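Asker: Could you have a look at this structure, given as structure tokens, before my questions?
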Amino acid sequence: DANAADSYHSLYEHEFGATITITRRASVVGDNTKWERGRVSARNVGIFDCGQGGFDDRHCLYFAPGLGGDGALSEIKHVSFDFMFAAASYVAKGVSGVRVEDCVGYKSLGSMFVVDSGAGSLNAIVRTLSVLVVTIQTHRGAELRSNLNNVFWRHHPANFDVQVKGIFTDNVAAGSERVGFKGWGSPCLSSSDPNWKWDRNEAHSTMIGTASLGSCPSTELCYSNFKGWYNWNFGMWGSVTCSIHVKHAQLSDNTIAVHYGIGGPDSLAFRYGDMRFSLRNSILVGTSDPSKCKVHRDEFCPPKKDKWAWSNGRGRTGLMLATFSREPNMLIPFKKPWVKTQSAYQALWGRATVSSTSFYKFGSNDCNMQSQAIESNPMASD
């Protein structure tokens, strides 16, 4: 019954729901201090109408600071999260050992599965599906009063917002008003850290499939076996301070499949940086089916996109050449990969290589738009 279903989901009427906080606390009994360690065992259950918007720690499952390594005591497996005004699961600063496995999340306000930038190691999100992430910039008509010309990074929610190392594999981001995967890849040599892996993830129907911004946690990062399709702005994008390697990617029907801006030491630092970008063993497809151009454009373009985003009249690009500048761009829009002028002396060596990669269906007349397999950044000064 449609009316019963509407009344069941009271979330959008009241904008708050249940929150489960997992933490650790101390109590004093006599002269002794006793620690109580919280844990949650969620398996084969559904959690509905949870979280509360506008509060930092009111998520569906919140692993609070102070829990530390006791996060490993909890189990989140085969759980369905439906309709939430905050994250489905949020791993806070200092918490490690939390594992989210084989779960599904549908419709969150803000990022859905989050591992905080100050969280510990050994956290994992694997084989999890995230569907539909909404940004606070557009929620309930907010786009009418929001400044969509100047949007902060924190207002770019993601299906998977992972800011530290851990195991993040085989996940699918299926629909986001902004980002699919927000955070970092993993070291190119798996033997360098067996507890850090980013592999076989997939994103579609977002503005940016996978996005990385700021100071890297490693000198080199790899994005392996990523699948991205129908992402409105970029399939893979970054403005970072380390070398980036994309390998075994499959990218189709993205406005721009791959573009990374790589920043190095400022000229006033009096030191050189040697940065690299590589794309190898990948397949990039421009327009998979020209007969469905209008349908695809209308369906996967967010109706309330940021004003800086590419217009729907832009053609498709496979690789927008990496831009090497003296620092990463910490601002929006992403189209400009630097902050300061590039006319100053550069202290950065940059090298980009493309190998064993196929570019397919980037015809100039596909969808009546000019497309290209490879192009330079049209906003770059060089």
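Within each chain, counting starts at residue 1; across the structure tokens, chains are named A, B, ... in the order shown, with ligands numbered 1 upward in that order.
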Using backbone DSSP assignments, extract all strand (DSSP E or B) residues from stretch 96-210 of chain A; output them as a ChimeraX atom specification.
Answerer: /A:99-101,104-109,113-115,124-126,129-134,158-162,167-169,172-176,179-183,186,197-199,202-204,208-210
Asker: Only C-alpha atoms, please: the residues just picked out, written as a PDB file, in the first residue's frame.
Answerer:
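selection_14.pdb, freshly written:
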ATOM      1  CA  ARG A  99      34.484  -3.888   9.389  1.00  0.00           C
ATOM      2  CA  VAL A 100      31.405  -3.229   7.238  1.00  0.00           C
ATOM      3  CA  GLU A 101      30.739  -6.175   4.956  1.00  0.00           C
ATOM      4  CA  VAL A 104      23.367  -1.996   1.413  1.00  0.00           C
ATOM      5  CA  GLY A 105      22.510   1.651   2.023  1.00  0.00           C
ATOM      6  CA  TYR A 106      19.741   3.655   0.369  1.00  0.00           C
ATOM      7  CA  LYS A 107      19.372   7.454   0.451  1.00  0.00           C
ATOM      8  CA  SER A 108      21.415   9.482   2.886  1.00  0.00           C
ATOM      9  CA  LEU A 109      21.740  13.206   3.511  1.00  0.00           C
ATOM     10  CA  PHE A 113      29.755   5.202   4.718  1.00  0.00           C
ATOM     11  CA  VAL A 114      32.458   7.262   6.439  1.00  0.00           C
ATOM     12  CA  VAL A 115      35.895   6.607   7.909  1.00  0.00           C
ATOM     13  CA  ALA A 124      37.382  -2.078   6.260  1.00  0.00           C
ATOM     14  CA  ILE A 125      34.395  -1.610   3.937  1.00  0.00           C
ATOM     15  CA  VAL A 126      33.991  -4.470   1.490  1.00  0.00           C
ATOM     16  CA  LEU A 129      26.400  -1.072  -2.138  1.00  0.00           C
ATOM     17  CA  SER A 130      25.536   2.587  -1.596  1.00  0.00           C
ATOM     18  CA  VAL A 131      22.574   4.046  -3.474  1.00  0.00           C
ATOM     19  CA  LEU A 132      21.676   7.750  -3.688  1.00  0.00           C
ATOM     20  CA  VAL A 133      23.526  10.386  -1.683  1.00  0.00           C
ATOM     21  CA  VAL A 134      22.004  13.881  -1.352  1.00  0.00           C
ATOM     22  CA  ALA A 158      30.161  10.700  -1.091  1.00  0.00           C
ATOM     23  CA  ASN A 159      28.765   7.213  -1.087  1.00  0.00           C
ATOM     24  CA  PHE A 160      32.083   6.167   0.458  1.00  0.00           C
ATOM     25  CA  ASP A 161      34.028   8.877   2.303  1.00  0.00           C
ATOM     26  CA  VAL A 162      37.284   7.224   3.334  1.00  0.00           C
ATOM     27  CA  ILE A 167      40.715  -2.303   3.252  1.00  0.00           C
ATOM     28  CA  PHE A 168      38.194  -0.855   0.796  1.00  0.00           C
ATOM     29  CA  THR A 169      37.398  -3.277  -2.008  1.00  0.00           C
ATOM     30  CA  VAL A 172      29.628   0.046  -5.610  1.00  0.00           C
ATOM     31  CA  ALA A 173      28.553   3.694  -5.516  1.00  0.00           C
ATOM     32  CA  ALA A 174      25.248   3.861  -7.393  1.00  0.00           C
ATOM     33  CA  GLY A 175      24.050   7.432  -7.534  1.00  0.00           C
ATOM     34  CA  SER A 176      25.280  10.570  -5.769  1.00  0.00           C
ATOM     35  CA  VAL A 179      30.951  12.095  -5.301  1.00  0.00           C
ATOM     36  CA  GLY A 180      31.064   8.300  -5.414  1.00  0.00           C
ATOM     37  CA  PHE A 181      34.386   7.562  -3.662  1.00  0.00           C
ATOM     38  CA  LYS A 182      36.029  10.392  -1.724  1.00  0.00           C
ATOM     39  CA  GLY A 183      39.499   9.807  -0.377  1.00  0.00           C
ATOM     40  CA  SER A 186      46.422   2.546  -1.922  1.00  0.00           C
ATOM     41  CA  LYS A 197      44.057  -1.804  -0.153  1.00  0.00           C
ATOM     42  CA  TRP A 198      41.761   0.096  -2.549  1.00  0.00           C
ATOM     43  CA  ASP A 199      40.697  -2.167  -5.409  1.00  0.00           C
ATOM     44  CA  GLU A 202      32.768   0.928  -9.069  1.00  0.00           C
ATOM     45  CA  ALA A 203      30.843   4.210  -9.387  1.00  0.00           C
ATOM     46  CA  HIS A 204      28.090   5.353 -11.704  1.00  0.00           C
ATOM     47  CA  ILE A 208      32.627  12.568  -9.814  1.00  0.00           C
ATOM     48  CA  GLY A 209      33.214   8.825  -9.660  1.00  0.00           C
ATOM     49  CA  THR A 210      36.295   8.951  -7.445  1.00  0.00           C
TER      50      THR A 210
END
Asker: Need the shell around A:Val91: protein/DNA/RNA residues with any atom at most 9 Å away, counting only C-alpha atoms. Skip same-chain ones fewer than 2 positions apart. Format as a PDB file with C-alpha atoms, in the first residue's frame?
Answerer:
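Everything below was put into around07.pdb:
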ATOM      1  CA  LEU A  61      25.928   3.578  13.701  1.00  0.00           C
ATOM      2  CA  TYR A  62      28.492   5.879  15.313  1.00  0.00           C
ATOM      3  CA  PHE A  63      31.826   4.483  16.496  1.00  0.00           C
ATOM      4  CA  ALA A  64      32.790   7.257  18.872  1.00  0.00           C
ATOM      5  CA  PRO A  65      36.282   8.616  19.686  1.00  0.00           C
ATOM      6  CA  GLY A  71      36.065  -1.292  17.115  1.00  0.00           C
ATOM      7  CA  SER A  89      28.156   4.039   9.625  1.00  0.00           C
ATOM      8  CA  LYS A  93      38.908   9.654  15.198  1.00  0.00           C
ATOM      9  CA  GLY A  94      41.175   7.066  16.779  1.00  0.00           C
ATOM     10  CA  VAL A  95      38.847   4.113  16.127  1.00  0.00           C
ATOM     11  CA  SER A  96      40.210   1.043  14.335  1.00  0.00           C
ATOM     12  CA  VAL A  98      35.570  -1.709  12.297  1.00  0.00           C
ATOM     13  CA  PHE A 113      29.755   5.202   4.718  1.00  0.00           C
ATOM     14  CA  VAL A 114      32.458   7.262   6.439  1.00  0.00           C
ATOM     15  CA  VAL A 115      35.895   6.607   7.909  1.00  0.00           C
ATOM     16  CA  ASP A 116      37.130   9.857   9.473  1.00  0.00           C
ATOM     17  CA  ALA A 119      40.551   7.191  12.389  1.00  0.00           C
ATOM     18  CA  ASN A 123      39.060  -0.462   9.255  1.00  0.00           C
TER      19      ASN A 123
END
Asker: Which residue gives the smallest distance to A:Arg316 among A:Arg351, A:Lys361, A:Arg24, A:Arg43, with only C-alpha atoms counted?
Answerer: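 Of the candidates, the smallest distance to A:Arg316 is held by A:Lys361.
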Asker: If you measure from atom CA of A:Gly185 to atom CA of A:Cys222, what distance in Å do you get, rounded to one decimal?
Answerer: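 Here the two named atoms are 5.5 Å from each other.
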Asker: So how many Å separate atom CA of A:Lys77 and atom CA of A:Val40, to one decimal?
Answerer: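 It comes out at 10.9 Å.
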Asker: For A:Ala26, find every residue with an atom within 7 Å (counting only C-alpha atoms), except residues of its own chain fewer than 5 positions away, and show them as a list of chain:residue names.
Answerer: A:Thr33, A:Lys34, A:Trp35, A:Glu36
Asker: Based on the selection just made, write N, CA, C and O atoms of those residues as a tab-separated table (two decimals), in the first residue's frame.
Answerer:
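Generated output (result.tsv):
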chain	number	residue	atom	x	y	z
A	33	THR	N	39.30	1.31	38.72
A	33	THR	CA	38.66	1.85	37.51
A	33	THR	C	38.29	0.69	36.59
A	33	THR	O	39.13	-0.14	36.24
A	34	LYS	N	37.04	0.65	36.24
A	34	LYS	CA	36.54	-0.42	35.38
A	34	LYS	C	36.11	0.16	34.04
A	34	LYS	O	35.37	1.13	33.99
A	35	TRP	N	36.60	-0.46	32.98
A	35	TRP	CA	36.26	0.00	31.63
A	35	TRP	C	35.13	-0.86	31.05
A	35	TRP	O	35.17	-2.09	31.11
A	36	GLU	N	34.15	-0.17	30.53
A	36	GLU	CA	33.07	-0.84	29.81
A	36	GLU	C	33.27	-0.60	28.32
A	36	GLU	O	33.33	0.56	27.88
Asker: Quick one: residues within 8 Å of A:Gln52, only C-alpha atoms counted, chain neighbours fewer than 3 positions away excluded, as JSON, numbers by chain?
Answerer: {"A": [15, 16, 17, 18, 19, 55, 58, 59, 84, 85, 86]}
Asker: Please, which residues of stretch 23-80 of chain A, numbered as in this document, come out helix (DSSP H, G or I) from DSSP, as a list in words?
Answerer: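 Going through stretch 23-80 of chain A, the helix (DSSP H, G or I) residues come out as Gly68, Gly69, Asp70, Gly71, Ala72 and Leu73 of chain A.
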Asker: Mind writing the picked residues with N, CA and C atoms as a PDB file, in the first residue's frame?
Answerer:
ATOM      1  N   GLY A  68      38.894   3.341  20.267  1.00  0.00           N
ATOM      2  CA  GLY A  68      40.200   2.771  19.919  1.00  0.00           C
ATOM      3  C   GLY A  68      40.091   1.474  19.160  1.00  0.00           C
ATOM      4  N   GLY A  69      40.963   0.522  19.487  1.00  0.00           N
ATOM      5  CA  GLY A  69      40.984  -0.772  18.812  1.00  0.00           C
ATOM      6  C   GLY A  69      39.805  -1.660  19.125  1.00  0.00           C
ATOM      7  N   ASP A  70      38.958  -1.251  20.069  1.00  0.00           N
ATOM      8  CA  ASP A  70      37.783  -2.057  20.401  1.00  0.00           C
ATOM      9  C   ASP A  70      36.728  -2.031  19.298  1.00  0.00           C
ATOM     10  N   GLY A  71      36.970  -1.239  18.254  1.00  0.00           N
ATOM     11  CA  GLY A  71      36.065  -1.292  17.115  1.00  0.00           C
ATOM     12  C   GLY A  71      36.000  -2.677  16.508  1.00  0.00           C
ATOM     13  N   ALA A  72      37.066  -3.472  16.697  1.00  0.00           N
ATOM     14  CA  ALA A  72      37.113  -4.824  16.151  1.00  0.00           C
ATOM     15  C   ALA A  72      36.136  -5.767  16.853  1.00  0.00           C
ATOM     16  N   LEU A  73      35.586  -5.364  17.988  1.00  0.00           N
ATOM     17  CA  LEU A  73      34.631  -6.214  18.695  1.00  0.00           C
ATOM     18  C   LEU A  73      33.262  -6.213  18.020  1.00  0.00           C
TER      19      LEU A  73
END
Asker: For A:Gly286, work out the shell of residues within 10 Å, counting only C-alpha atoms and skipping chain neighbours fewer than 5 positions away, then give it as a list of chain:residue names.
Answerer: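 In the requested format, the answer is A:Trp229, A:Leu251, A:Ser252, A:Asp253, A:Asn254, A:Thr255, A:Ile256, A:Ala257, A:Gly315, A:Arg316, A:Thr317, A:Gly318, A:Phe359, A:Tyr360, A:Lys361, A:Phe362, A:Gly363, A:Asp366, A:Ser371, A:Gln372, A:Ala373.
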Asker: Any idea what the distance is between atom CA of A:Thr138 and atom CA of A:Met112?
Answerer: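 One can read the atom CA of A:Thr138 to atom CA of A:Met112 distance as 16.3 Å.
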Asker: Using only C-alpha atoms, find each residue of stretch 202-266 of chain A with at least one atom at most 12 Å away from an atom of stretch 353-357 of chain A; report its shortest atom-to-atom pair and that distance in Å (one decimal), sort the rows by chain and rising residue number, and return the result as a Markdown table.
Answerer:
| residue | atom | partner | partner_atom | distance |
| --- | --- | --- | --- | --- |
| A:Ser243 | CA | A:Thr353 | CA | 11.7 |
| A:Ile244 | CA | A:Thr353 | CA | 10.8 |
| A:His245 | CA | A:Thr353 | CA | 9.5 |
| A:Val246 | CA | A:Val354 | CA | 9.7 |
| A:Lys247 | CA | A:Thr357 | CA | 9.2 |
| A:His248 | CA | A:Thr357 | CA | 8.8 |
| A:Ala249 | CA | A:Thr357 | CA | 9.3 |
| A:Gln250 | CA | A:Thr357 | CA | 10.0 |
| A:Leu251 | CA | A:Thr357 | CA | 11.2 |
| A:Val258 | CA | A:Val354 | CA | 11.7 |
Asker: A:Gly66, A:Gly263, A:Pro187, A:Gly53: which is nearest A:Thr219, counting only C-alpha atoms?
Answerer: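 Counting only C-alpha atoms, the residue closest to A:Thr219 is A:Pro187.
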